[in-house]
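File shown: entry.pdb. Contents: PDB, C-alpha atoms.
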ATOM      1  CA  MET A   1     -10.987 -15.346 -10.472
ATOM      2  CA  LYS A   2     -14.768 -15.447 -10.070
ATOM      3  CA  LYS A   3     -14.393 -16.280  -6.356
ATOM      4  CA  SER A   4     -11.981 -13.378  -5.906
ATOM      5  CA  ARG A   5     -14.432 -10.953  -7.563
ATOM      6  CA  CYS A   6     -17.237 -12.175  -5.316
ATOM      7  CA  SER A   7     -15.101 -11.613  -2.245
ATOM      8  CA  ILE A   8     -14.234  -8.077  -3.333
ATOM      9  CA  PHE A   9     -17.902  -7.328  -4.075
ATOM     10  CA  ALA A  10     -18.947  -8.659  -0.647
ATOM     11  CA  ALA A  11     -16.314  -6.549   1.095
ATOM     12  CA  VAL A  12     -17.410  -3.398  -0.755
ATOM     13  CA  LEU A  13     -21.075  -4.105  -0.016
ATOM     14  CA  LEU A  14     -20.322  -4.627   3.694
ATOM     15  CA  ALA A  15     -18.369  -1.374   3.823
ATOM     16  CA  LEU A  16     -21.312   0.469   2.295
ATOM     17  CA  LEU A  17     -23.817  -1.057   4.679
ATOM     18  CA  LEU A  18     -21.825  -0.401   7.851
ATOM     19  CA  PRO A  19     -21.522   3.184   9.121
ATOM     20  CA  ALA A  20     -18.061   4.614   8.595
ATOM     21  CA  ALA A  21     -16.191   5.300  11.844
ATOM     22  CA  GLY A  22     -16.296   8.987  12.649
ATOM     23  CA  PHE A  23     -19.040   9.771  10.136
ATOM     24  CA  SER A  24     -22.175   8.499  11.862
ATOM     25  CA  LEU A  25     -23.145  11.986  13.025
ATOM     26  CA  SER A  26     -24.331  14.642  10.625
ATOM     27  CA  LEU A  27     -23.281  18.268  10.929
ATOM     28  CA  ASP A  28     -26.787  19.082  12.145
ATOM     29  CA  ASP A  29     -26.494  16.414  14.857
ATOM     30  CA  LEU A  30     -23.177  17.859  15.943
ATOM     31  CA  ARG A  31     -24.450  21.442  15.956
ATOM     32  CA  ALA A  32     -27.261  20.425  18.302
ATOM     33  CA  LEU A  33     -24.779  18.796  20.667
ATOM     34  CA  GLU A  34     -21.959  21.308  20.233
ATOM     35  CA  PRO A  35     -23.383  24.722  19.296
ATOM     36  CA  GLY A  36     -20.041  26.384  20.072
ATOM     37  CA  LEU A  37     -18.203  24.665  17.204
ATOM     38  CA  THR A  38     -17.450  26.368  13.924
ATOM     39  CA  ASP A  39     -18.172  24.436  10.722
ATOM     40  CA  ALA A  40     -14.439  23.831  10.258
ATOM     41  CA  GLN A  41     -14.109  22.456  13.796
ATOM     42  CA  ALA A  42     -17.169  20.238  13.333
ATOM     43  CA  GLN A  43     -15.811  18.826  10.065
ATOM     44  CA  SER A  44     -12.434  18.164  11.705
ATOM     45  CA  LEU A  45     -14.092  16.370  14.629
ATOM     46  CA  LEU A  46     -16.174  14.168  12.334
ATOM     47  CA  SER A  47     -13.187  13.217  10.192
ATOM     48  CA  LYS A  48     -10.591  12.704  12.945
ATOM     49  CA  GLY A  49     -12.729  11.612  15.889
ATOM     50  CA  SER A  50     -11.261  14.195  18.270
ATOM     51  CA  LEU A  51     -10.771  17.928  18.575
ATOM     52  CA  THR A  52      -8.642  19.971  21.008
ATOM     53  CA  ARG A  53      -8.894  23.628  21.904
ATOM     54  CA  PHE A  54      -6.714  25.743  24.206
ATOM     55  CA  PHE A  55      -8.195  28.828  25.828
ATOM     56  CA  GLN A  56      -6.907  31.848  27.729
ATOM     57  CA  PRO A  57      -8.028  33.435  31.044
ATOM     58  CA  HIS A  58     -10.362  35.852  29.253
ATOM     59  CA  GLN A  59     -11.942  32.991  27.299
ATOM     60  CA  SER A  60     -14.210  30.135  28.346
ATOM     61  CA  ALA A  61     -14.687  26.516  27.339
ATOM     62  CA  GLN A  62     -16.718  26.128  24.140
ATOM     63  CA  MET A  63     -16.977  22.377  23.659
ATOM     64  CA  VAL A  64     -18.844  21.258  26.783
ATOM     65  CA  PRO A  65     -21.557  18.941  25.369
ATOM     66  CA  ASN A  66     -25.116  20.247  25.436
ATOM     67  CA  CYS A  67     -26.434  18.008  28.218
ATOM     68  CA  SER A  68     -28.096  18.292  31.637
ATOM     69  CA  LEU A  69     -24.741  18.498  33.439
ATOM     70  CA  ALA A  70     -23.253  21.263  31.281
ATOM     71  CA  PRO A  71     -24.382  24.258  33.420
ATOM     72  CA  ARG A  72     -22.828  22.750  36.563
ATOM     73  CA  ILE A  73     -19.513  21.976  34.853
ATOM     74  CA  GLU A  74     -19.302  25.390  33.208
ATOM     75  CA  SER A  75     -20.076  27.078  36.527
ATOM     76  CA  ASP A  76     -17.286  25.132  38.224
ATOM     77  CA  MET A  77     -14.764  26.185  35.600
ATOM     78  CA  SER A  78     -15.764  29.841  35.744
ATOM     79  CA  SER A  79     -15.336  29.823  39.541
ATOM     80  CA  LEU A  80     -11.572  29.349  39.140
ATOM     81  CA  ASP A  81      -9.354  32.281  38.142
ATOM     82  CA  TYR A  82      -7.426  30.054  35.749
ATOM     83  CA  SER A  83      -4.438  30.984  33.622
ATOM     84  CA  ILE A  84      -4.557  27.938  31.351
ATOM     85  CA  GLY A  85      -7.460  26.050  29.813
ATOM     86  CA  VAL A  86      -7.560  23.018  27.517
ATOM     87  CA  GLU A  87     -10.500  20.946  26.320
ATOM     88  CA  THR A  88     -10.718  17.892  24.081
ATOM     89  CA  LEU A  89     -13.764  16.230  22.567
ATOM     90  CA  PHE A  90     -13.839  12.613  21.366
ATOM     91  CA  VAL A  91     -16.554  10.969  19.270
ATOM     92  CA  ALA A  92     -16.597   7.195  18.863
ATOM     93  CA  HIS A  93     -18.833   4.149  18.608
ATOM     94  CA  PRO A  94     -19.581   2.951  22.164
ATOM     95  CA  GLY A  95     -19.041  -0.721  21.405
ATOM     96  CA  GLU A  96     -22.504  -1.674  22.677
ATOM     97  CA  GLU A  97     -26.097  -0.577  22.426
ATOM     98  CA  SER A  98     -27.350   2.237  24.630
ATOM     99  CA  GLY A  99     -29.514   1.086  27.491
ATOM    100  CA  PRO A 100     -30.263   1.562  31.185
ATOM    101  CA  ASP A 101     -27.066  -0.256  32.181
ATOM    102  CA  LEU A 102     -24.712   1.622  29.866
ATOM    103  CA  LEU A 103     -24.360   4.763  31.983
ATOM    104  CA  LEU A 104     -23.882   2.614  35.096
ATOM    105  CA  GLN A 105     -21.073   0.709  33.373
ATOM    106  CA  TRP A 106     -19.397   3.944  32.296
ATOM    107  CA  TYR A 107     -19.908   5.445  35.757
ATOM    108  CA  ASN A 108     -18.221   2.523  37.502
ATOM    109  CA  SER A 109     -15.392   2.675  34.987
ATOM    110  CA  LEU A 110     -14.726   6.264  36.048
ATOM    111  CA  ARG A 111     -14.794   5.138  39.706
ATOM    112  CA  SER A 112     -12.263   2.341  39.087
ATOM    113  CA  ILE A 113      -9.492   4.542  40.440
ATOM    114  CA  SER A 114      -7.019   1.718  41.110
ATOM    115  CA  THR A 115      -6.934   0.805  37.411
ATOM    116  CA  LEU A 116      -5.241   4.132  36.664
ATOM    117  CA  LYS A 117      -2.030   2.633  38.048
ATOM    118  CA  GLY A 118       0.405   2.144  35.181
ATOM    119  CA  VAL A 119      -1.528   4.254  32.651
ATOM    120  CA  LYS A 120       0.869   5.894  30.188
ATOM    121  CA  TYR A 121       0.918   9.309  28.541
ATOM    122  CA  TYR A 122       3.209  11.244  26.218
ATOM    123  CA  SER A 123       5.609  13.308  28.332
ATOM    124  CA  ILE A 124       6.494  16.696  26.847
ATOM    125  CA  LEU A 125       9.624  16.974  28.992
ATOM    126  CA  ASP A 126      10.891  13.479  28.119
ATOM    127  CA  GLY A 127       9.705  13.423  24.512
ATOM    128  CA  LYS A 128       8.358   9.880  24.872
ATOM    129  CA  MET A 129       5.634   7.753  26.436
ATOM    130  CA  ARG A 130       6.008   7.176  30.163
ATOM    131  CA  VAL A 131       3.939   5.953  33.093
ATOM    132  CA  LEU A 132       1.578   8.643  34.346
ATOM    133  CA  PHE A 133       0.570   7.166  37.720
ATOM    134  CA  SER A 134       2.832   4.705  39.533
ATOM    135  CA  ASP A 135      -0.051   4.201  41.968
ATOM    136  CA  SER A 136      -3.650   5.329  42.279
ATOM    137  CA  TYR A 137      -6.393   4.456  44.755
ATOM    138  CA  ALA A 138      -9.361   5.780  46.725
ATOM    139  CA  VAL A 139      -9.006   6.707  50.422
ATOM    140  CA  ASP A 140     -11.549   6.897  53.217
ATOM    141  CA  ASN A 141     -11.247  10.670  53.699
ATOM    142  CA  ALA A 142      -8.887  13.605  53.218
ATOM    143  CA  THR A 143      -7.652  13.437  56.836
ATOM    144  CA  ASP A 144      -6.978   9.753  57.591
ATOM    145  CA  ARG A 145      -6.154   8.839  53.986
ATOM    146  CA  LYS A 146      -6.615   5.111  54.515
ATOM    147  CA  ARG A 147      -6.709   3.100  51.301
ATOM    148  CA  ILE A 148     -10.097   1.614  50.384
ATOM    149  CA  PRO A 149     -11.370  -0.494  47.438
ATOM    150  CA  ASP A 150     -12.675   1.195  44.316
ATOM    151  CA  PRO A 151     -16.048   2.711  45.341
ATOM    152  CA  LEU A 152     -18.229   0.956  42.762
ATOM    153  CA  VAL A 153     -22.027   1.195  42.936
ATOM    154  CA  THR A 154     -25.067  -0.801  41.850
ATOM    155  CA  SER A 155     -27.216   2.223  40.999
ATOM    156  CA  LEU A 156     -26.531   5.791  39.915
ATOM    157  CA  PRO A 157     -26.584   8.427  42.669
ATOM    158  CA  PRO A 158     -27.288  12.015  41.551
ATOM    159  CA  GLU A 159     -24.064  13.190  43.199
ATOM    160  CA  SER A 160     -21.151  11.535  44.992
ATOM    161  CA  THR A 161     -17.752  12.732  46.227
ATOM    162  CA  ILE A 162     -14.695  10.640  47.082
ATOM    163  CA  THR A 163     -11.040  11.328  47.908
ATOM    164  CA  ILE A 164      -8.225   9.693  45.980
ATOM    165  CA  MET A 165      -4.434   9.426  46.094
ATOM    166  CA  GLN A 166      -2.318   9.459  42.968
ATOM    167  CA  ASP A 167       1.425   8.946  42.854
ATOM    168  CA  ASP A 168       2.084  11.053  39.772
ATOM    169  CA  THR A 169       5.444  10.445  38.114
ATOM    170  CA  ARG A 170       5.674  14.145  37.257
ATOM    171  CA  PHE A 171       3.764  15.956  40.032
ATOM    172  CA  GLY A 172       4.565  13.559  42.900
ATOM    173  CA  THR A 173       2.164  12.110  45.474
ATOM    174  CA  ASN A 174      -1.042  14.124  45.719
ATOM    175  CA  TYR A 175      -4.610  13.898  46.950
ATOM    176  CA  TYR A 176      -7.719  14.958  45.073
ATOM    177  CA  SER A 177     -11.378  15.472  45.764
ATOM    178  CA  VAL A 178     -13.371  13.723  43.051
ATOM    179  CA  ARG A 179     -17.021  14.577  42.476
ATOM    180  CA  TYR A 180     -19.342  12.516  40.291
ATOM    181  CA  LEU A 181     -22.623  13.774  38.844
ATOM    182  CA  THR A 182     -25.265  11.769  37.003
ATOM    183  CA  ALA A 183     -28.281  12.677  34.890
ATOM    184  CA  PRO A 184     -30.510  10.662  32.546
ATOM    185  CA  ASP A 185     -28.402  11.783  29.582
ATOM    186  CA  ALA A 186     -24.828  11.986  30.946
ATOM    187  CA  ILE A 187     -22.321  11.324  33.735
ATOM    188  CA  SER A 188     -19.369  13.436  34.846
ATOM    189  CA  MET A 189     -16.210  13.252  36.948
ATOM    190  CA  THR A 190     -14.481  16.337  38.373
ATOM    191  CA  MET A 191     -11.074  16.191  40.070
ATOM    192  CA  THR A 192      -9.790  19.083  42.208
ATOM    193  CA  ASN A 193      -6.378  18.999  43.851
ATOM    194  CA  ILE A 194      -6.296  19.039  47.654
ATOM    195  CA  THR A 195      -2.517  19.202  47.879
ATOM    196  CA  THR A 196       0.103  21.343  46.104
ATOM    197  CA  LEU A 197       1.327  20.012  42.748
ATOM    198  CA  SER A 198       5.067  20.405  42.147
ATOM    199  CA  LEU A 199       6.959  20.137  38.863
ATOM    200  CA  LEU A 200      10.703  19.434  38.998
ATOM    201  CA  PHE A 201      10.449  20.010  42.780
ATOM    202  CA  ILE A 202       9.005  23.483  42.171
ATOM    203  CA  PRO A 203       5.498  24.131  43.596
ATOM    204  CA  VAL A 204       3.439  25.181  40.563
ATOM    205  CA  ILE A 205      -0.232  24.571  41.414
ATOM    206  CA  SER A 206      -1.690  25.476  44.809
ATOM    207  CA  PRO A 207      -4.538  23.502  46.430
ATOM    208  CA  GLN A 208      -7.910  23.985  44.687
ATOM    209  CA  ASP A 209      -6.213  25.603  41.660
ATOM    210  CA  MET A 210      -6.642  22.691  39.249
ATOM    211  CA  GLN A 211      -9.897  21.246  37.953
ATOM    212  CA  LEU A 212     -10.103  18.272  35.606
ATOM    213  CA  HIS A 213     -13.536  17.546  34.157
ATOM    214  CA  LEU A 214     -14.712  14.475  32.252
ATOM    215  CA  ILE A 215     -18.203  14.113  30.754
ATOM    216  CA  VAL A 216     -19.442  10.962  29.010
ATOM    217  CA  LEU A 217     -22.772  10.567  27.236
ATOM    218  CA  PRO A 218     -24.415   8.458  24.547
ATOM    219  CA  TYR A 219     -25.689  10.442  21.578
ATOM    220  CA  LYS A 220     -27.421   9.081  18.480
ATOM    221  CA  GLY A 221     -25.613   5.743  18.649
ATOM    222  CA  MET A 222     -22.254   7.344  19.442
ATOM    223  CA  ARG A 223     -20.263   7.872  22.631
ATOM    224  CA  ILE A 224     -19.239  11.443  23.388
ATOM    225  CA  PHE A 225     -16.280  11.872  25.732
ATOM    226  CA  TYR A 226     -15.313  15.374  26.831
ATOM    227  CA  GLY A 227     -12.254  16.258  28.889
ATOM    228  CA  SER A 228     -11.071  19.642  30.111
ATOM    229  CA  VAL A 229      -8.523  21.078  32.512
ATOM    230  CA  VAL A 230      -8.439  24.591  33.916
ATOM    231  CA  VAL A 231      -5.488  25.476  36.116
ATOM    232  CA  LYS A 232      -3.975  28.513  37.776
ATOM    233  CA  VAL A 233      -0.200  28.662  37.285
ATOM    234  CA  GLY A 234       2.050  31.578  38.228
ATOM    235  CA  THR A 235       3.117  33.566  35.141
ATOM    236  CA  MET A 236       6.611  34.131  36.538
ATOM    237  CA  LEU A 237       7.432  30.443  36.468
ATOM    238  CA  GLY A 238       7.605  30.244  32.681
ATOM    239  CA  LEU A 239       6.026  26.799  32.781
ATOM    240  CA  GLN A 240       2.597  27.585  31.322
ATOM    241  CA  GLY A 241       3.296  25.959  27.957
ATOM    242  CA  ILE A 242       4.692  22.776  29.503
ATOM    243  CA  VAL A 243       1.812  22.499  31.968
ATOM    244  CA  ARG A 244      -0.778  23.179  29.245
ATOM    245  CA  ASP A 245       0.581  20.546  26.856
ATOM    246  CA  SER A 246       1.068  18.089  29.716
ATOM    247  CA  PHE A 247      -2.579  18.312  30.722
ATOM    248  CA  ARG A 248      -3.711  17.975  27.131
ATOM    249  CA  ASN A 249      -1.773  14.691  26.911
ATOM    250  CA  ARG A 250      -3.226  13.608  30.246
ATOM    251  CA  ILE A 251      -6.740  13.985  28.856
ATOM    252  CA  ASP A 252      -5.691  11.694  25.986
ATOM    253  CA  ALA A 253      -4.366   9.169  28.517
ATOM    254  CA  LEU A 254      -7.601   9.248  30.519
ATOM    255  CA  TYR A 255      -9.628   8.722  27.357
ATOM    256  CA  SER A 256      -7.500   5.681  26.425
ATOM    257  CA  TRP A 257      -7.902   4.363  29.982
ATOM    258  CA  PHE A 258     -11.685   4.736  29.781
ATOM    259  CA  LYS A 259     -11.844   3.047  26.362
ATOM    260  CA  ASN A 260      -9.830   0.075  27.596
ATOM    261  CA  LEU A 261     -12.056  -0.353  30.669
ATOM    262  CA  THR A 262     -15.242  -0.270  28.611
ATOM    263  CA  GLY A 263     -13.895  -2.748  26.056
ATOM    264  CA  ASP A 264     -13.751  -0.376  23.082
TER
END
Will you turn the file into structure tokens for me?
Amino acid sequence: MKKSRCSIFAAVLLALLLPAAGFSLSLDDLRALEPGLTDAQAQSLLSKGSLTRFFQPHQSAQMVPNCSLAPRIESDMSSLDYSIGVETLFVAHPGEESGPDLLLQWYNSLRSISTLKGVKYYSILDGKMRVLFSDSYAVDNATDRKRIPDPLVTSLPPESTITIMQDDTRFGTNYYSVRYLTAPDAISMTMTNITTLSLLFIPVISPQDMQLHLIVLPYKGMRIFYGSVVVKVGTMLGLQGIVRDSFRNRIDALYSWFKNLTGD
């Protein structure tokens, strides 16, 4: 009995000494990073670890993290006359200490395009988990489209652009321009479609009409992962809700992919 009590006491003491997952940031910390959040949204993010917001054409993204890359990302989004917008913010422990190599590791994870093959997401149309990309890889350029190895680097360039192919189980085979930005406090990845995206054999998204943005940064011992999609979809198609929810689930899938690559 005495041994059992000691074990319980040790477990309670350890729980008190270790920071609780999702509660390592104060509201003041979060307000400095995310000034666009309401108190209710901030509390929800701290308790659940993620927060999603949908926005309309007359609205703009509100959860882009306050970092050096934010103005560029926000400018990109505002340049598109989008009909649908979705953004999701994730807060988690990074799994390792921040340091000069951490951003490089995260950056190369985002450039590991081939590892997206087989990633799963929740399909709204099917009502179940299914493979998102049956294949995914980088190509030499948008014209020749010759497969190349993942374009990993040994140091962080301020800006880099590559072209990738993704065999999407819903949107078919498509090519994207992918731009990477780096700063001392954050890295980002922006995907823009080069080819037309079709849903159920119906063309729904014209070239250049979809932007997917990912931003990753360390912040006060935590990892902040932001994902957003803005897309222009014809209102007559009646597919806005399906497309919106599909992209929200795709952001979730990309976050899970990134976590698995970084060992979290």
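Residue nearest A:Ala138, chosen from A:Leu25, A:Met210, A:Ile113, A:Leu217 and counting all atoms listed in the file: A:Ile113.
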Report task. Find the residues near A:His93: any atom within 7 Å, counting all atoms listed in the file, skip ones fewer than 3 places away on the same chain, and give them as a list in words. Result ->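 In the requested format, the answer is Gly221, Met222 and Arg223 of chain A.
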Determine, for each residue of stretch 51-85 of chain A having at least one atom at most 7 Å from an atom of stretch 185-203 of chain A, the closest pair of atoms and their separation in Å to one decimal, counting only C-alpha atoms; order by chain and ascending number, as a tab-separated table.
residue	atom	partner	partner_atom	distance
A:Cys67	CA	A:Asp185	CA	6.7
A:Ser68	CA	A:Asp185	CA	6.8
A:Leu69	CA	A:Ala186	CA	7.0
Contact check, stretch 138-246 of chain A to stretch 70-78 of chain A, at most 9 Å, counting all atoms listed in the file, closest pairs as JSON lines:
{"residue": "A:Ser188", "atom": "CA", "partner": "A:Ile73", "partner_atom": "CA", "distance": 8.5}
{"residue": "A:Thr190", "atom": "CA", "partner": "A:Ile73", "partner_atom": "CA", "distance": 8.3}
{"residue": "A:Gln211", "atom": "CA", "partner": "A:Met77", "partner_atom": "CA", "distance": 7.3}
{"residue": "A:His213", "atom": "CA", "partner": "A:Ile73", "partner_atom": "CA", "distance": 7.5}
{"residue": "A:Ile215", "atom": "CA", "partner": "A:Ala70", "partner_atom": "CA", "distance": 8.8}
{"residue": "A:Val229", "atom": "CA", "partner": "A:Met77", "partner_atom": "CA", "distance": 8.6}
{"residue": "A:Val230", "atom": "CA", "partner": "A:Met77", "partner_atom": "CA", "distance": 6.7}
Requested in this report: List the neighbours of stretch 119-133 of chain A out to 12 Å using all atoms listed in the file; skip same-chain residues closer than 2 positions along the sequence, and give me the result as number ranges by chain.
Outcome: A: 113-117, 135-137, 165-174, 199-200, 239, 241-258, 260-261
Query raised in the report: Please, what distance in Å, to one decimal, runs between atom CA of A:Thr182 and atom CA of A:Thr262?
Result: 17.8 Å
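Minimum atom-to-atom distances from A:Ile84, A:Val204, A:Val91, A:Ala142 to A:Lys48 were compared using all atoms listed in the file, and the lowest value belongs to A:Val91.
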Query raised in the report: Which residues come within 7 Å of A:Lys232, counting only C-alpha atoms, excluding same-chain residues fewer than 3 positions away, as number ranges by chain?
Result: A: 81-84, 205, 209-210
What does the file look like for those residues with C-alpha atoms, as a PDB file, in the frame of the given file?
ATOM      1  CA  ASP A  81      -9.354  32.281  38.142  1.00  0.00           C
ATOM      2  CA  TYR A  82      -7.426  30.054  35.749  1.00  0.00           C
ATOM      3  CA  SER A  83      -4.438  30.984  33.622  1.00  0.00           C
ATOM      4  CA  ILE A  84      -4.557  27.938  31.351  1.00  0.00           C
ATOM      5  CA  ILE A 205      -0.232  24.571  41.414  1.00  0.00           C
ATOM      6  CA  ASP A 209      -6.213  25.603  41.660  1.00  0.00           C
ATOM      7  CA  MET A 210      -6.642  22.691  39.249  1.00  0.00           C
TER       8      MET A 210
END
